[in-house]
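I have placed the structure first, in the form of structure tokens, so that the comments after it can refer back to it.
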Amino acid sequence: MPNIENKPTVIYIIADRRSGSTLLENMLSKSEEIISVGELAMLKGHILKEGPGEMWAWHCSCGKPVLQCDFWSRVLRGAVDSHFETKISWPYKFLTTPLASLSPRTSCRSLTSYVHTPENAQTTGFLKNIYETISRTYDKKFIVDSSKDAMQALAVYECKEIDAKFIWLIRDLRAVTFSKLKRWQVNKRSDKGAYETMLDSYAYKKLCKAVLSCMDKEDTLKLHYEAVADEPQKALDKICSSFGLKKFAAPEVMELTNDHTIAGTPGRFESKPITADNSWRSFYEDKKLLSAVGKMFNAL
Ligand SMILES: [Zn+2]
């Protein structure tokens, strides 16, 4: 029988979309002490085959429907009932707009109140049970959850029964904007323009910053996508020494190996060398003003 005496430690990745969270999750999954679940917030959608995930038919990364995959069927045995939920709900627009004008203390109070609703407390309880069952079943001390969602991260942080550490992964807002626009051309999920997308991305960055300010500094680590992709070993060493993991060799390629992860970047099924994607730069060659706005937002 696996022998985990202590509670698992969740390493939760906070990030915007298109910011390299799947790359970081994949790199971390190579540690023998870690098991990665991908984006746990998307688990219910993947079980019900609803919301994002259509491109891979909402399957687990092993290629099987979630409840038919050996990994998840063991973890979820008896857990999925009509109340089952894996996503924290909160009023996005309502929160992000006035956030910038609030003092960190006021915004923390207001943000924290959202994650303590009875509904969200129940969801956090489900997440805690899933983390614990995975740790016990697969004998791993650390669980990586790359759900990205800043408010969900706060809910996990606020749950005193979960031990968690948080990585805020930041990418150049110009790259995020370009990558979101490119993705939407394929999946037609949004028809927002470049400026609106950049402003939204900036607002989300402010929300992440506000959430991080509610957390104990020792539990958080801020990393830049560009640094992670350019110097993977340095980034992993920093994570290991900050969060008490044994150091391990950084992989040279991003690839799935016996993973059972939920959601992630659509490109994750191909094995690729780890290198920073700078393809966004040419997009801005004739968009000097947009580029300047992005640079300004990066600095704020
Ligand atoms: Zn699977």
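Residue numbering restarts at 1 for every chain of the structure tokens, chains are lettered A, B, ... in their displayed order, and ligands are numbered from 1 as they appear.
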
Go through chain A residue by residue and, counting only C-alpha atoms and all ligand atoms, keep those with an atom at most 7 Å from ligand 1; for each kept residue give the shortest atom pair and its distance in Å to one decimal, ordered by chain and increasing number, as JSON lines.
```
{"residue": "A:Cys60", "atom": "CA", "partner": "ligand 1", "partner_atom_place_in_ligand_line": "1 (Zn)", "distance": 4.6}
{"residue": "A:Ser61", "atom": "CA", "partner": "ligand 1", "partner_atom_place_in_ligand_line": "1 (Zn)", "distance": 5.8}
{"residue": "A:Cys62", "atom": "CA", "partner": "ligand 1", "partner_atom_place_in_ligand_line": "1 (Zn)", "distance": 4.3}
{"residue": "A:Gly63", "atom": "CA", "partner": "ligand 1", "partner_atom_place_in_ligand_line": "1 (Zn)", "distance": 6.5}
{"residue": "A:Lys64", "atom": "CA", "partner": "ligand 1", "partner_atom_place_in_ligand_line": "1 (Zn)", "distance": 5.9}
{"residue": "A:Val66", "atom": "CA", "partner": "ligand 1", "partner_atom_place_in_ligand_line": "1 (Zn)", "distance": 6.3}
{"residue": "A:Cys69", "atom": "CA", "partner": "ligand 1", "partner_atom_place_in_ligand_line": "1 (Zn)", "distance": 4.4}
{"residue": "A:Asp70", "atom": "CA", "partner": "ligand 1", "partner_atom_place_in_ligand_line": "1 (Zn)", "distance": 6.3}
{"residue": "A:Phe71", "atom": "CA", "partner": "ligand 1", "partner_atom_place_in_ligand_line": "1 (Zn)", "distance": 5.5}
{"residue": "A:Trp72", "atom": "CA", "partner": "ligand 1", "partner_atom_place_in_ligand_line": "1 (Zn)", "distance": 6.3}
{"residue": "A:Asp259", "atom": "CA", "partner": "ligand 1", "partner_atom_place_in_ligand_line": "1 (Zn)", "distance": 6.8}
{"residue": "A:His260", "atom": "CA", "partner": "ligand 1", "partner_atom_place_in_ligand_line": "1 (Zn)", "distance": 4.0}
{"residue": "A:Thr261", "atom": "CA", "partner": "ligand 1", "partner_atom_place_in_ligand_line": "1 (Zn)", "distance": 6.8}
```

Filtering to C-alpha atoms, could you give me those residues as a PDB file, in the first residue's frame?
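In the end it all went to part_22.pdb:
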```pdb
ATOM      1  CA  CYS A  60      -7.999  12.602 -20.670  1.00  0.00           C
ATOM      2  CA  SER A  61      -4.520  13.129 -22.202  1.00  0.00           C
ATOM      3  CA  CYS A  62      -4.165   9.309 -22.316  1.00  0.00           C
ATOM      4  CA  GLY A  63      -6.793   9.350 -25.074  1.00  0.00           C
ATOM      5  CA  LYS A  64      -9.656   7.795 -23.136  1.00  0.00           C
ATOM      6  CA  VAL A  66     -12.235  10.593 -18.343  1.00  0.00           C
ATOM      7  CA  CYS A  69      -9.451   6.072 -18.027  1.00  0.00           C
ATOM      8  CA  ASP A  70      -7.871   3.882 -15.336  1.00  0.00           C
ATOM      9  CA  PHE A  71      -6.319   6.839 -13.520  1.00  0.00           C
ATOM     10  CA  TRP A  72      -9.446   8.965 -13.161  1.00  0.00           C
ATOM     11  CA  ASP A 259       0.186  11.408 -18.280  1.00  0.00           C
ATOM     12  CA  HIS A 260      -3.457  11.616 -17.268  1.00  0.00           C
ATOM     13  CA  THR A 261      -3.945  15.342 -17.475  1.00  0.00           C
TER      14      THR A 261
END
```

Could you produce a table of the residues of region 173-287 of chain A lying within 10 Å of region 40-49 of chain A, with the nearest pair of atoms per residue and their separation in Å rounded to one decimal, using only C-alpha atoms, ordered by chain and increasing residue number, as JSON lines?
```
{"residue": "A:Thr261", "atom": "CA", "partner": "A:Leu40", "partner_atom": "CA", "distance": 8.4}
{"residue": "A:Ile262", "atom": "CA", "partner": "A:Leu43", "partner_atom": "CA", "distance": 6.4}
{"residue": "A:Ala263", "atom": "CA", "partner": "A:Met42", "partner_atom": "CA", "distance": 6.9}
{"residue": "A:Gly264", "atom": "CA", "partner": "A:Met42", "partner_atom": "CA", "distance": 9.6}
```

Would you put the residues from that selection into a file with C-alpha atoms, as a short mmCIF file (atom, residue, chain, number, x, y, z; two decimals), in the first residue's frame?
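File written: out16.cif
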```cif
data_model
loop_
_atom_site.label_atom_id
_atom_site.label_comp_id
_atom_site.auth_asym_id
_atom_site.auth_seq_id
_atom_site.Cartn_x
_atom_site.Cartn_y
_atom_site.Cartn_z
CA THR A 261 -3.95 15.34 -17.47
CA ILE A 262 -7.11 17.33 -18.05
CA ALA A 263 -7.11 20.06 -20.72
CA GLY A 264 -4.08 22.21 -21.62
#
```

Query raised in the report: Can you tell me, as a PyMOL selection string, what residues are no more than 12 Å from Ile274 (chain A) when counting only C-alpha atoms, ignoring any on the same chain fewer than 5 positions away?
Result: chain A and resi 20+22-24+26-27+225-233+250-255+268

For the residues in the current selection, export N, CA and C atoms as a PDB file, in the first residue's frame.
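Listing of result07.pdb after writing:
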```
ATOM      1  N   GLY A  20       1.935  29.501 -21.325  1.00  0.00           N
ATOM      2  CA  GLY A  20       2.942  28.477 -21.054  1.00  0.00           C
ATOM      3  C   GLY A  20       2.654  27.605 -19.843  1.00  0.00           C
ATOM      4  N   THR A  22       0.853  24.936 -19.604  1.00  0.00           N
ATOM      5  CA  THR A  22       0.945  23.503 -19.928  1.00  0.00           C
ATOM      6  C   THR A  22       2.414  23.079 -20.029  1.00  0.00           C
ATOM      7  N   LEU A  23       3.238  23.968 -20.572  1.00  0.00           N
ATOM      8  CA  LEU A  23       4.673  23.664 -20.648  1.00  0.00           C
ATOM      9  C   LEU A  23       5.244  23.481 -19.239  1.00  0.00           C
ATOM     10  N   LEU A  24       4.934  24.418 -18.347  1.00  0.00           N
ATOM     11  CA  LEU A  24       5.470  24.324 -16.987  1.00  0.00           C
ATOM     12  C   LEU A  24       4.925  23.084 -16.274  1.00  0.00           C
ATOM     13  N   ASN A  26       3.977  20.347 -17.629  1.00  0.00           N
ATOM     14  CA  ASN A  26       4.618  19.168 -18.225  1.00  0.00           C
ATOM     15  C   ASN A  26       6.051  18.991 -17.709  1.00  0.00           C
ATOM     16  N   MET A  27       6.779  20.111 -17.602  1.00  0.00           N
ATOM     17  CA  MET A  27       8.147  20.048 -17.073  1.00  0.00           C
ATOM     18  C   MET A  27       8.150  19.525 -15.634  1.00  0.00           C
ATOM     19  N   TYR A 225       7.365  33.351 -18.300  1.00  0.00           N
ATOM     20  CA  TYR A 225       7.353  32.284 -19.305  1.00  0.00           C
ATOM     21  C   TYR A 225       8.667  32.256 -20.086  1.00  0.00           C
ATOM     22  N   GLU A 226       9.120  33.440 -20.478  1.00  0.00           N
ATOM     23  CA  GLU A 226      10.320  33.521 -21.316  1.00  0.00           C
ATOM     24  C   GLU A 226      11.523  32.902 -20.576  1.00  0.00           C
ATOM     25  N   ALA A 227      11.625  33.178 -19.285  1.00  0.00           N
ATOM     26  CA  ALA A 227      12.739  32.623 -18.500  1.00  0.00           C
ATOM     27  C   ALA A 227      12.598  31.112 -18.350  1.00  0.00           C
ATOM     28  N   VAL A 228      11.370  30.650 -18.142  1.00  0.00           N
ATOM     29  CA  VAL A 228      11.126  29.210 -17.984  1.00  0.00           C
ATOM     30  C   VAL A 228      11.492  28.466 -19.271  1.00  0.00           C
ATOM     31  N   ALA A 229      11.066  29.026 -20.408  1.00  0.00           N
ATOM     32  CA  ALA A 229      11.306  28.342 -21.689  1.00  0.00           C
ATOM     33  C   ALA A 229      12.765  28.454 -22.138  1.00  0.00           C
ATOM     34  N   ASP A 230      13.430  29.570 -21.787  1.00  0.00           N
ATOM     35  CA  ASP A 230      14.826  29.745 -22.193  1.00  0.00           C
ATOM     36  C   ASP A 230      15.794  28.979 -21.297  1.00  0.00           C
ATOM     37  N   GLU A 231      15.467  28.945 -19.996  1.00  0.00           N
ATOM     38  CA  GLU A 231      16.364  28.266 -19.052  1.00  0.00           C
ATOM     39  C   GLU A 231      15.565  27.349 -18.117  1.00  0.00           C
ATOM     40  N   PRO A 232      15.062  26.235 -18.677  1.00  0.00           N
ATOM     41  CA  PRO A 232      14.186  25.350 -17.895  1.00  0.00           C
ATOM     42  C   PRO A 232      14.824  24.851 -16.599  1.00  0.00           C
ATOM     43  N   GLN A 233      16.120  24.502 -16.655  1.00  0.00           N
ATOM     44  CA  GLN A 233      16.756  23.952 -15.455  1.00  0.00           C
ATOM     45  C   GLN A 233      16.792  24.972 -14.323  1.00  0.00           C
ATOM     46  N   ALA A 250      15.893  18.916 -15.911  1.00  0.00           N
ATOM     47  CA  ALA A 250      14.863  19.495 -16.773  1.00  0.00           C
ATOM     48  C   ALA A 250      14.774  18.701 -18.072  1.00  0.00           C
ATOM     49  N   PRO A 251      13.573  18.439 -18.551  1.00  0.00           N
ATOM     50  CA  PRO A 251      13.455  17.740 -19.837  1.00  0.00           C
ATOM     51  C   PRO A 251      13.877  18.661 -20.987  1.00  0.00           C
ATOM     52  N   GLU A 252      14.279  18.071 -22.111  1.00  0.00           N
ATOM     53  CA  GLU A 252      14.625  18.899 -23.273  1.00  0.00           C
ATOM     54  C   GLU A 252      13.441  19.075 -24.197  1.00  0.00           C
ATOM     55  N   VAL A 253      12.496  18.162 -24.097  1.00  0.00           N
ATOM     56  CA  VAL A 253      11.287  18.271 -24.937  1.00  0.00           C
ATOM     57  C   VAL A 253      10.037  18.289 -24.062  1.00  0.00           C
ATOM     58  N   MET A 254       9.002  18.918 -24.610  1.00  0.00           N
ATOM     59  CA  MET A 254       7.706  18.872 -23.952  1.00  0.00           C
ATOM     60  C   MET A 254       6.955  17.715 -24.572  1.00  0.00           C
ATOM     61  N   GLU A 255       6.637  16.721 -23.750  1.00  0.00           N
ATOM     62  CA  GLU A 255       5.905  15.569 -24.289  1.00  0.00           C
ATOM     63  C   GLU A 255       5.109  14.884 -23.190  1.00  0.00           C
ATOM     64  N   ARG A 268      -0.306  20.080 -27.088  1.00  0.00           N
ATOM     65  CA  ARG A 268       0.436  19.229 -26.141  1.00  0.00           C
ATOM     66  C   ARG A 268       0.593  17.780 -26.596  1.00  0.00           C
TER      67      ARG A 268
END
```

Query raised in the report: Skipping near chain neighbours, those fewer than 2 positions away, what residues fall within 9 Å of Phe178 (chain A) using only C-alpha atoms, listed as a list of chain:residue names?
Result: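 Listing them by chain and then by number gives A:Leu173, A:Arg174, A:Ala175, A:Val176, A:Lys180, A:Leu181, A:Lys182, A:Arg183, A:Ala194, A:Thr197, A:Met198, A:Trp280, A:Arg281, A:Phe283, A:Tyr284.
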
**Report entry** DSSP-assigned helix (DSSP H, G or I) members of region 46-264 of chain A, reported as a VMD selection string
**Finding:** chain A and resid 46 to 48 54 to 56 66 to 68 70 to 75 92 to 99 104 to 115 118 to 138 150 to 158 173 to 187 194 to 213 217 to 219 225 to 230 232 to 243

Store the residues picked out above in a file with C-alpha atoms, as a short mmCIF file (atom, residue, chain, number, x, y, z; two decimals), in the first residue's frame.
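Output saved as part.cif:
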```cif
data_model
loop_
_atom_site.label_atom_id
_atom_site.label_comp_id
_atom_site.auth_asym_id
_atom_site.auth_seq_id
_atom_site.Cartn_x
_atom_site.Cartn_y
_atom_site.Cartn_z
CA HIS A 46 -14.54 17.00 -19.36
CA ILE A 47 -16.76 14.45 -17.63
CA LEU A 48 -19.94 16.07 -18.98
CA GLU A 54 -14.11 19.77 -27.84
CA MET A 55 -10.89 19.63 -29.89
CA TRP A 56 -9.77 16.51 -27.97
CA VAL A 66 -12.24 10.59 -18.34
CA LEU A 67 -14.46 8.09 -16.60
CA GLN A 68 -13.10 5.22 -18.70
CA ASP A 70 -7.87 3.88 -15.34
CA PHE A 71 -6.32 6.84 -13.52
CA TRP A 72 -9.45 8.97 -13.16
CA SER A 73 -11.90 6.13 -12.66
CA ARG A 74 -9.91 5.04 -9.60
CA VAL A 75 -9.74 8.60 -8.27
CA TYR A 92 -15.35 38.13 -13.51
CA LYS A 93 -16.36 41.45 -15.10
CA PHE A 94 -17.69 42.82 -11.86
CA LEU A 95 -14.42 42.16 -10.10
CA THR A 96 -11.68 43.05 -12.54
CA THR A 97 -12.88 46.51 -13.56
CA PRO A 98 -12.78 48.30 -10.19
CA LEU A 99 -9.93 46.22 -8.84
CA PRO A 104 -4.60 45.73 -1.62
CA ARG A 105 -6.29 45.24 1.77
CA THR A 106 -9.75 46.18 0.55
CA SER A 107 -9.41 44.11 -2.59
CA CYS A 108 -8.26 41.08 -0.57
CA ARG A 109 -11.28 41.32 1.65
CA SER A 110 -13.59 41.58 -1.32
CA LEU A 111 -11.86 38.80 -3.31
CA THR A 112 -11.78 36.46 -0.33
CA SER A 113 -15.51 36.92 0.31
CA TYR A 114 -16.27 35.44 -3.12
CA VAL A 115 -14.42 32.21 -2.50
CA PRO A 118 -21.39 27.94 0.43
CA GLU A 119 -21.30 26.82 -3.21
CA ASN A 120 -17.57 27.52 -3.56
CA ALA A 121 -16.79 26.00 -0.18
CA GLN A 122 -18.40 22.79 -1.40
CA THR A 123 -16.34 22.89 -4.62
CA THR A 124 -13.14 23.41 -2.61
CA GLY A 125 -14.13 20.37 -0.56
CA PHE A 126 -14.36 18.30 -3.75
CA LEU A 127 -10.95 19.56 -4.88
CA LYS A 128 -9.41 18.68 -1.51
CA ASN A 129 -10.82 15.15 -1.71
CA ILE A 130 -9.48 14.71 -5.25
CA TYR A 131 -6.01 15.95 -4.29
CA GLU A 132 -5.90 13.64 -1.27
CA THR A 133 -7.21 10.61 -3.15
CA ILE A 134 -4.63 11.09 -5.92
CA SER A 135 -1.79 11.50 -3.45
CA ARG A 136 -2.85 8.39 -1.53
CA THR A 137 -3.61 6.26 -4.58
CA TYR A 138 -0.48 7.11 -6.53
CA ALA A 150 -6.53 33.16 -9.92
CA MET A 151 -9.77 33.03 -7.93
CA GLN A 152 -9.72 29.25 -7.80
CA ALA A 153 -6.15 29.54 -6.51
CA LEU A 154 -7.40 31.86 -3.77
CA ALA A 155 -10.10 29.34 -2.85
CA VAL A 156 -7.43 26.63 -2.56
CA TYR A 157 -5.22 28.98 -0.52
CA GLU A 158 -8.09 29.87 1.80
CA LEU A 173 1.10 40.72 -22.78
CA ARG A 174 1.85 41.24 -26.46
CA ALA A 175 2.54 37.52 -26.84
CA VAL A 176 -0.58 36.60 -24.85
CA THR A 177 -2.73 38.91 -26.99
CA PHE A 178 -1.33 37.60 -30.26
CA SER A 179 -1.71 33.99 -29.18
CA LYS A 180 -5.31 34.44 -27.99
CA LEU A 181 -6.28 36.13 -31.28
CA LYS A 182 -4.61 33.34 -33.25
CA ARG A 183 -6.40 30.65 -31.24
CA TRP A 184 -9.78 32.35 -31.64
CA GLN A 185 -9.32 32.34 -35.42
CA VAL A 186 -9.26 28.55 -35.18
CA ASN A 187 -11.88 27.83 -32.51
CA ALA A 194 -6.56 43.25 -30.46
CA TYR A 195 -6.91 46.26 -28.12
CA GLU A 196 -9.84 44.76 -26.21
CA THR A 197 -7.96 41.47 -25.86
CA MET A 198 -4.88 43.26 -24.58
CA LEU A 199 -6.92 45.28 -22.09
CA ASP A 200 -8.68 42.13 -20.85
CA SER A 201 -5.31 40.39 -20.46
CA TYR A 202 -4.01 43.35 -18.49
CA ALA A 203 -7.11 43.30 -16.24
CA TYR A 204 -6.53 39.59 -15.58
CA LYS A 205 -2.89 40.31 -14.72
CA LYS A 206 -4.10 42.88 -12.17
CA LEU A 207 -6.45 40.29 -10.70
CA CYS A 208 -3.61 37.76 -10.40
CA LYS A 209 -1.47 40.40 -8.70
CA ALA A 210 -4.28 41.23 -6.27
CA VAL A 211 -4.80 37.53 -5.46
CA LEU A 212 -1.05 37.01 -4.89
CA SER A 213 -1.05 39.97 -2.51
CA LYS A 217 4.95 35.42 0.25
CA GLU A 218 6.61 32.13 1.25
CA ASP A 219 3.85 30.22 -0.54
CA TYR A 225 7.35 32.28 -19.30
CA GLU A 226 10.32 33.52 -21.32
CA ALA A 227 12.74 32.62 -18.50
CA VAL A 228 11.13 29.21 -17.98
CA ALA A 229 11.31 28.34 -21.69
CA ASP A 230 14.83 29.74 -22.19
CA PRO A 232 14.19 25.35 -17.90
CA GLN A 233 16.76 23.95 -15.45
CA LYS A 234 17.19 27.27 -13.69
CA ALA A 235 13.41 27.69 -13.38
CA LEU A 236 12.90 24.14 -12.04
CA ASP A 237 15.77 24.52 -9.57
CA LYS A 238 14.16 27.70 -8.27
CA ILE A 239 10.79 25.96 -7.84
CA CYS A 240 12.42 22.96 -6.11
CA SER A 241 14.38 25.05 -3.65
CA SER A 242 11.41 27.33 -2.91
CA PHE A 243 8.90 24.55 -2.32
#
```

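One finds CA of Ala15 (chain A) at 4.7 Å from CA of Lys148 (chain A).
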
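One finds CA of Pro65 (chain A) at 29.0 Å from CA of Phe166 (chain A).
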
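When CA of Lys222 (chain A) is paired with CA of Asp163 (chain A), their separation reads 18.4 Å.
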
**Report entry** A:Ala276, A:Leu76, A:Ile162, A:Leu289 ranked by distance to Lys7 (chain A), top pick (using only C-alpha atoms)
**Finding:**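 Result for the nearest residue to Lys7 (chain A): A:Ile162.
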